[in-house]
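Asks: my_file.txt is reproduced below (compact mmCIF, C-alpha atoms).
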```txt
# COMPACT_ATOMS: atom_id res chain seq x y z
CA GLU A 1 33.02 110.65 -123.55
CA MET A 2 35.89 110.45 -121.07
CA VAL A 3 37.50 113.71 -119.95
CA ILE A 4 41.05 113.70 -118.62
CA ARG A 5 41.42 116.10 -115.67
CA ASP A 6 39.03 118.73 -117.00
CA TRP A 7 39.01 121.04 -113.99
CA SER A 8 36.52 123.38 -115.72
CA SER A 9 33.84 120.98 -114.51
CA ASP A 10 34.68 121.54 -110.84
CA VAL A 11 31.71 123.81 -110.17
CA CYS A 12 28.35 123.10 -111.68
CA SER A 13 24.80 122.63 -110.54
CA SER A 14 22.11 120.02 -110.23
CA ASP A 15 22.63 116.34 -110.59
CA LEU A 16 20.41 113.83 -108.85
CA ASP A 17 18.17 116.79 -107.90
CA ARG A 18 20.82 118.55 -105.80
CA LYS A 19 23.11 121.51 -106.22
CA TRP A 20 26.74 120.47 -105.94
CA LYS A 21 29.46 122.93 -105.02
CA ARG A 22 31.95 120.75 -106.84
CA GLN A 23 31.45 118.03 -109.45
CA TYR A 24 33.71 115.50 -111.13
CA ASN A 25 31.88 113.78 -113.97
CA LYS A 26 33.21 111.13 -116.38
CA MET A 27 36.85 111.76 -115.57
CA LEU A 28 39.92 109.55 -115.51
CA PHE A 29 42.47 109.85 -112.70
CA ASN A 30 45.50 107.76 -113.66
CA LYS A 31 48.91 107.50 -111.96
CA GLU A 32 48.34 110.57 -109.80
CA ILE A 33 50.53 110.85 -106.69
CA ALA A 34 50.12 113.00 -103.58
CA PRO A 35 52.62 112.50 -100.74
CA GLU A 36 50.15 113.12 -97.90
CA SER A 37 46.52 112.59 -98.95
CA GLY A 38 44.24 112.28 -101.95
CA GLY A 39 46.22 110.85 -104.84
CA GLY A 40 43.44 111.56 -107.35
CA ILE A 41 41.23 114.07 -105.53
CA GLU A 42 41.76 115.89 -102.25
CA ILE A 43 38.92 117.99 -100.83
CA ASN A 44 39.52 119.75 -97.53
CA SER A 45 36.90 122.50 -97.54
CA ASN A 46 33.32 122.54 -96.33
CA SER A 47 31.75 121.43 -99.57
CA ILE A 48 29.12 119.22 -101.19
CA VAL A 49 30.76 117.09 -103.83
CA LEU A 50 29.54 114.74 -106.56
CA ILE A 51 31.93 112.22 -108.11
CA ASN A 52 30.10 110.42 -110.89
CA GLU A 53 31.17 107.84 -113.50
CA CYS A 54 34.89 108.31 -112.87
CA PHE A 55 37.84 105.95 -113.13
CA PHE A 56 40.61 105.94 -110.52
CA ILE A 57 43.52 103.78 -111.68
CA ASN A 58 47.06 103.42 -110.27
CA ASN A 59 46.94 106.42 -107.94
CA ASN A 60 48.91 106.68 -104.68
CA SER A 61 48.98 108.71 -101.48
CA GLY A 62 49.56 108.41 -97.75
CA TYR A 63 45.85 108.56 -96.92
CA GLY A 64 43.25 107.98 -99.62
CA GLY A 65 45.19 106.67 -102.60
CA ALA A 66 42.38 107.77 -104.92
CA ILE A 67 40.23 110.19 -102.84
CA TYR A 68 40.64 112.05 -99.56
CA ALA A 69 37.59 114.02 -98.45
CA GLY A 70 37.76 115.96 -95.20
CA GLY A 71 35.00 118.26 -93.98
CA THR A 72 32.92 117.24 -96.96
CA SER A 73 29.60 115.67 -97.86
CA ALA A 74 30.20 113.51 -100.91
CA LEU A 75 28.25 111.23 -103.25
CA ILE A 76 30.58 108.86 -105.09
CA ASN A 77 28.51 107.12 -107.73
CA ASN A 78 29.07 104.55 -110.47
CA SER A 79 32.87 104.79 -110.36
CA ILE A 80 35.71 102.28 -110.58
CA PHE A 81 38.75 102.10 -108.27
CA GLU A 82 41.51 99.77 -109.42
CA ASN A 83 45.21 99.30 -108.61
CA ASN A 84 45.36 102.28 -106.27
CA SER A 85 47.61 102.23 -103.20
CA SER A 86 48.07 103.99 -99.88
CA ASP A 87 51.20 104.19 -97.79
CA VAL A 88 49.24 104.46 -94.52
CA ALA A 89 45.49 103.90 -94.95
CA SER A 90 42.62 103.75 -97.41
CA SER A 91 44.01 102.76 -100.79
CA ALA A 92 40.85 103.97 -102.55
CA ILE A 93 38.79 106.34 -100.35
CA ASP A 94 39.46 108.07 -97.04
CA ALA A 95 36.32 110.09 -96.26
CA ARG A 96 36.11 112.08 -93.05
CA ASP A 97 32.51 113.27 -93.14
CA ASN A 98 29.14 112.33 -94.67
CA THR A 99 29.84 110.11 -97.67
CA HIS A 100 27.59 107.89 -99.79
CA ILE A 101 29.28 105.35 -102.05
CA SER A 102 26.87 103.85 -104.56
CA HIS A 103 27.28 101.45 -107.50
CA CYS A 104 31.10 101.47 -107.28
CA ILE A 105 33.69 98.75 -107.89
CA PHE A 106 36.88 98.43 -105.81
CA ASN A 107 39.28 95.88 -107.27
CA ASN A 108 42.93 94.99 -106.69
CA ASN A 109 43.85 97.96 -104.51
CA LEU A 110 46.76 97.78 -102.05
CA ALA A 111 47.20 99.31 -98.58
CA PHE A 112 50.74 99.15 -97.27
CA GLN A 113 49.23 99.40 -93.79
CA GLN A 114 45.42 99.29 -93.42
CA GLU A 115 42.07 99.66 -95.22
CA SER A 116 42.82 98.28 -98.66
CA ALA A 117 39.60 99.75 -100.06
CA VAL A 118 37.67 102.24 -97.92
CA SER A 119 37.97 104.04 -94.59
CA LEU A 120 34.87 106.02 -93.65
CA TYR A 121 34.08 108.37 -90.79
CA GLY A 122 30.87 110.22 -89.93
CA ASN A 123 27.48 109.31 -91.36
CA ALA A 124 28.71 107.03 -94.13
CA ARG A 125 26.84 104.68 -96.43
CA ILE A 126 27.90 102.05 -98.98
CA SER A 127 25.26 100.58 -101.29
CA ASN A 128 25.09 98.40 -104.39
CA SER A 129 28.88 98.14 -104.61
CA ILE A 130 31.54 95.46 -105.16
CA ILE A 131 34.72 95.30 -103.05
CA ILE A 132 36.95 92.45 -104.24
CA ASN A 133 40.56 91.27 -104.48
CA ASN A 134 42.06 94.06 -102.37
CA HIS A 135 45.05 93.50 -100.08
CA SER A 136 46.23 95.13 -96.87
CA ASN A 137 49.67 94.50 -95.47
CA TYR A 138 48.24 95.01 -91.99
CA CYS A 139 44.46 94.78 -91.65
CA ARG A 140 40.98 94.99 -93.23
CA SER A 141 39.55 96.20 -96.51
CA VAL A 142 36.71 98.35 -95.09
CA ARG A 143 36.50 100.43 -91.91
CA VAL A 144 33.09 101.85 -90.97
CA PRO A 145 31.93 103.91 -87.96
CA SER A 146 28.95 103.20 -85.72
CA SER A 147 26.63 105.53 -87.62
CA SER A 148 27.31 103.94 -91.01
CA LYS A 149 25.21 101.65 -93.21
CA ILE A 150 26.03 99.00 -95.81
CA PHE A 151 23.32 97.78 -98.20
CA ASN A 152 23.36 95.32 -101.11
CA THR A 153 27.16 95.12 -101.25
CA LEU A 154 29.58 92.30 -102.06
CA ILE A 155 32.82 92.15 -100.05
CA ALA A 156 34.81 89.11 -101.13
CA TYR A 157 38.26 87.68 -101.86
CA ASN A 158 40.08 90.41 -99.95
CA THR A 159 43.25 89.55 -98.03
CA SER A 160 45.21 90.98 -95.11
CA GLU A 161 47.86 89.95 -92.63
CA SER A 162 46.06 90.53 -89.31
CA GLU A 163 42.69 91.25 -87.60
CA THR A 164 40.23 90.78 -90.50
CA ALA A 165 40.31 91.04 -94.27
CA GLY A 166 36.68 92.15 -94.57
CA ILE A 167 34.87 94.75 -92.45
CA TYR A 168 35.98 96.31 -89.19
CA GLY A 169 33.41 98.57 -87.58
CA GLY A 170 31.45 99.91 -84.68
CA SER A 171 27.69 99.54 -84.24
CA PHE A 172 26.98 99.88 -87.96
CA ARG A 173 24.03 98.45 -89.92
CA MET A 174 24.35 96.00 -92.82
CA HIS A 175 21.49 94.54 -94.86
CA ASN A 176 21.28 92.23 -97.89
CA SER A 177 25.04 91.91 -98.38
CA ILE A 178 27.58 89.16 -99.04
CA LEU A 179 30.86 88.60 -97.15
CA ARG A 180 32.77 85.60 -98.51
CA ASN A 181 36.32 84.34 -98.83
CA ASN A 182 38.03 87.22 -97.06
CA THR A 183 41.19 85.79 -95.52
CA VAL A 184 43.99 86.67 -93.09
CA LEU A 185 47.11 84.71 -94.00
CA GLY A 186 44.90 82.14 -95.72
CA VAL A 187 42.40 81.79 -92.84
CA SER A 188 38.82 82.95 -93.27
CA SER A 189 38.14 86.25 -91.46
CA ASN A 190 35.22 88.27 -92.78
CA ILE A 191 34.16 90.71 -90.07
CA ALA A 192 35.46 92.14 -86.80
CA LYS A 193 33.75 94.57 -84.45
CA ALA A 194 35.25 97.21 -82.20
CA ASP A 195 35.22 96.63 -78.44
CA GLY A 196 31.70 97.13 -77.11
CA ALA A 197 30.17 97.50 -80.56
CA ASN A 198 26.85 95.90 -81.45
CA PRO A 199 26.37 95.85 -85.24
CA THR A 200 22.93 95.18 -86.72
CA ILE A 201 23.26 92.73 -89.62
CA LEU A 202 20.19 91.41 -91.44
CA ASN A 203 19.46 89.19 -94.46
CA SER A 204 23.15 88.75 -95.30
CA ASN A 205 25.17 85.84 -96.63
CA ILE A 206 28.31 85.65 -94.50
CA GLU A 207 30.89 82.91 -94.50
CA GLN A 208 31.12 81.69 -90.91
CA ASP A 209 34.58 81.69 -89.39
CA SER A 210 36.14 81.34 -85.94
CA THR A 211 35.31 84.90 -84.84
CA ASN A 212 31.89 85.75 -86.27
CA ALA A 213 29.47 83.25 -84.73
CA TRP A 214 27.63 86.23 -83.19
CA VAL A 215 26.40 87.20 -86.67
CA PHE A 216 24.18 84.12 -86.76
CA ASN A 217 22.33 85.02 -83.58
CA GLU A 218 20.18 86.93 -86.06
CA PRO A 219 18.12 84.22 -87.83
CA THR A 220 17.86 86.09 -91.14
CA ASN A 221 21.62 85.75 -91.75
CA PHE A 222 22.97 82.61 -93.41
CA ASP A 223 26.09 80.92 -94.75
CA LEU A 224 25.51 79.51 -98.23
CA GLU A 225 27.72 79.28 -101.30
CA PRO A 226 26.56 82.20 -103.54
CA LEU A 227 27.29 80.32 -106.80
CA PHE A 228 28.97 83.19 -108.64
CA VAL A 229 29.02 82.77 -112.42
CA ASP A 230 32.82 82.95 -112.83
CA VAL A 231 35.10 84.18 -110.05
CA SER A 232 38.22 83.97 -112.25
CA SER A 233 36.81 86.65 -114.56
CA SER A 234 35.21 88.63 -111.70
CA ASP A 235 31.70 87.80 -112.91
CA PHE A 236 29.89 87.87 -109.56
CA HIS A 237 26.34 87.56 -110.87
```
Would you mind giving the structure from this file in structure tokens?
Replies:
Amino acid sequence: EMVIRDWSSDVCSSDLDRKWKRQYNKMLFNKEIAPESGGGIEINSNSIVLINECFFINNNSGYGGAIYAGGTSALINNSIFENNSSDVASSAIDARDNTHISHCIFNNNLAFQQESAVSLYGNARISNSIIINNHSNYCRSVRVPSSSKIFNTLIAYNTSESETAGIYGGSFRMHNSILRNNTVLGVSSNIAKADGANPTILNSNIEQDSTNAWVFNEPTNFDLEPLFVDVSSSDFH
């Protein structure tokens, strides 16, 4: 059952063996607009938040077209972000504290400036997610800080107009992930690191381009065609 903006579910307890101060469960956020931040959801208090099995479609804001979370620990699980936009940054999620994104899909989101999918700060983690077909008018689809981790995630077919279309980050960790066909003005550009950063990337399939040869200093990384079932229908098995 899908609930449309049922705010009575904001406060409830226990999911995934935790007590959540705020919970959004099986909700649809569609065509919501906030001029500054958080088109679908804005959370600016010290809180522990669960967002589970939600749909975020066609939302817009300055920062965080779908979600803005500041001063918050959040688990965003099994949710879909599609056709959201941001005027400044983070067309889907702008999270300013401890955030775990798990089993989510980010598809066809637009950043008028930067981060066409996700901008994370603090102790962030992305796992078992798909980030595809997003576009930034300036740069990158994902921004991650030095303390962050990415596991078992596909980042592919994103586009931007400068820097990189894939990941930009500090000394983050990434394991068992795929970065393919992310392009800047038609030229492959999958990952860029901040000045002085030293990311740890292991067991990942990354399309080699003119700026990421350093990735292959780690012998467990490789560049092989992943043989997706059907890219045109977004079947990435």
Asks: In Å, how far is it from CA of Asp223 (chain A) to CA of Asn134 (chain A)?
Replies: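 We find that CA of Asp223 (chain A) and CA of Asn134 (chain A) lie 22.0 Å from each other.
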Asks: Give the answer as one residue: which of A:Gly166, A:Gly71, A:Gly122, A:Pro219 has the shortest atom-to-atom distance to Asn44 (chain A), using only C-alpha atoms?
Replies: A:Gly71
Asks: Which polymer residues have any atom within 9 Å of an atom of Ala66 (chain A), counting only C-alpha atoms, with same-chain residues fewer than 3 positions away left out, as a list in words?
Replies: Phe29, Glu32, Ile33, Ser37, Gly38, Gly39, Gly40, Ile41, Glu42, Phe56, Ile57, Asn58, Asn59, Asn60, Ser61, Tyr63, Phe81, Asn84, Ser85, Ser86, Ser90, Ser91, Ala92, Ile93 and Asp94 of chain A
Asks: Skipping near chain neighbours, those fewer than 3 positions away, what residues fall within 12 Å of Ala89 (chain A) using all atoms listed in the file, listed as a VMD selection string?
Replies: chain A and resid 36 to 38 60 to 68 84 to 86 92 to 95 109 to 120 135 to 143
Asks: Got a sec: who's within 8 Å of region 154-156 of chain A, counting all atoms listed in the file, leaving out chain neighbours fewer than 4 positions off, as a count of residues only?
Replies: 13
Asks: Find the spatial neighbours of Val144 (chain A), counting only C-alpha atoms, within a cut-off of 8 Å - ignore same-chain residues fewer than 4 positions away - and output them as an mmCIF file with C-alpha atoms, in the frame of the given file.
Replies:
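Final output, result_15.cif:
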```
data_model
loop_
_atom_site.group_PDB
_atom_site.id
_atom_site.type_symbol
_atom_site.label_atom_id
_atom_site.label_comp_id
_atom_site.auth_asym_id
_atom_site.auth_seq_id
_atom_site.Cartn_x
_atom_site.Cartn_y
_atom_site.Cartn_z
ATOM 1 C CA SER A 119 37.970 104.040 -94.590
ATOM 2 C CA LEU A 120 34.870 106.020 -93.650
ATOM 3 C CA TYR A 121 34.080 108.370 -90.790
ATOM 4 C CA ALA A 124 28.710 107.030 -94.130
ATOM 5 C CA SER A 148 27.310 103.940 -91.010
ATOM 6 C CA ILE A 167 34.870 94.750 -92.450
ATOM 7 C CA TYR A 168 35.980 96.310 -89.190
ATOM 8 C CA GLY A 169 33.410 98.570 -87.580
ATOM 9 C CA GLY A 170 31.450 99.910 -84.680
ATOM 10 C CA PHE A 172 26.980 99.880 -87.960
#
```
Asks: Could you give me, as a VMD selection string, the residues within 9 Å of Ile51 (chain A), counting only C-alpha atoms and dropping anything in the same chain fewer than 5 positions from it?
Replies: chain A and resid 22 to 27 74 to 79
Asks: Separation of CA of Asn83 (chain A) and CA of Ile48 (chain A), in Å?
Replies: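 Taking CA of Asn83 (chain A) as the start and CA of Ile48 (chain A) as the end point, the length is 26.7 Å.
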Asks: When you count all atoms listed in the file, which of these residues is closest to Gly186 (chain A): A:Phe236, A:Glu161, A:Ile43, A:Ser127?
Replies: A:Glu161
Asks: One decimal, in Å: what's the spacing between CA of Ser162 (chain A) and CA of Ile80 (chain A)?
Replies: 26.4 Å
Asks: Between A:Ile101, A:Val88, A:Val49, A:Val187, single out the one closest to Trp20 (chain A), counting all atoms listed in the file.
Replies: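 Closest to Trp20 (chain A) of all the choices is A:Val49.
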Asks: Of the residues A:Thr211, A:Asn52, A:Ser232, A:Ser45, which is the one nearest to Ser189 (chain A), using only C-alpha atoms?
Replies: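 Using only C-alpha atoms, Ser189 (chain A) sits closest to A:Thr211.
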Asks: Could you check the closest approach to Asn190 (chain A) for each of A:Asn212, A:Ser234, A:Asn205, A:Asn176 and tell me which residue wins, using all atoms listed in the file?
Replies: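 Using all atoms listed in the file, Asn190 (chain A) sits closest to A:Asn212.
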Asks: Using all atoms listed in the file, which of A:Leu50, A:Ile206, A:Glu163, A:Thr72 sits nearest Pro226 (chain A)?
Replies: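 Among the listed residues, A:Ile206 lies closest to Pro226 (chain A).
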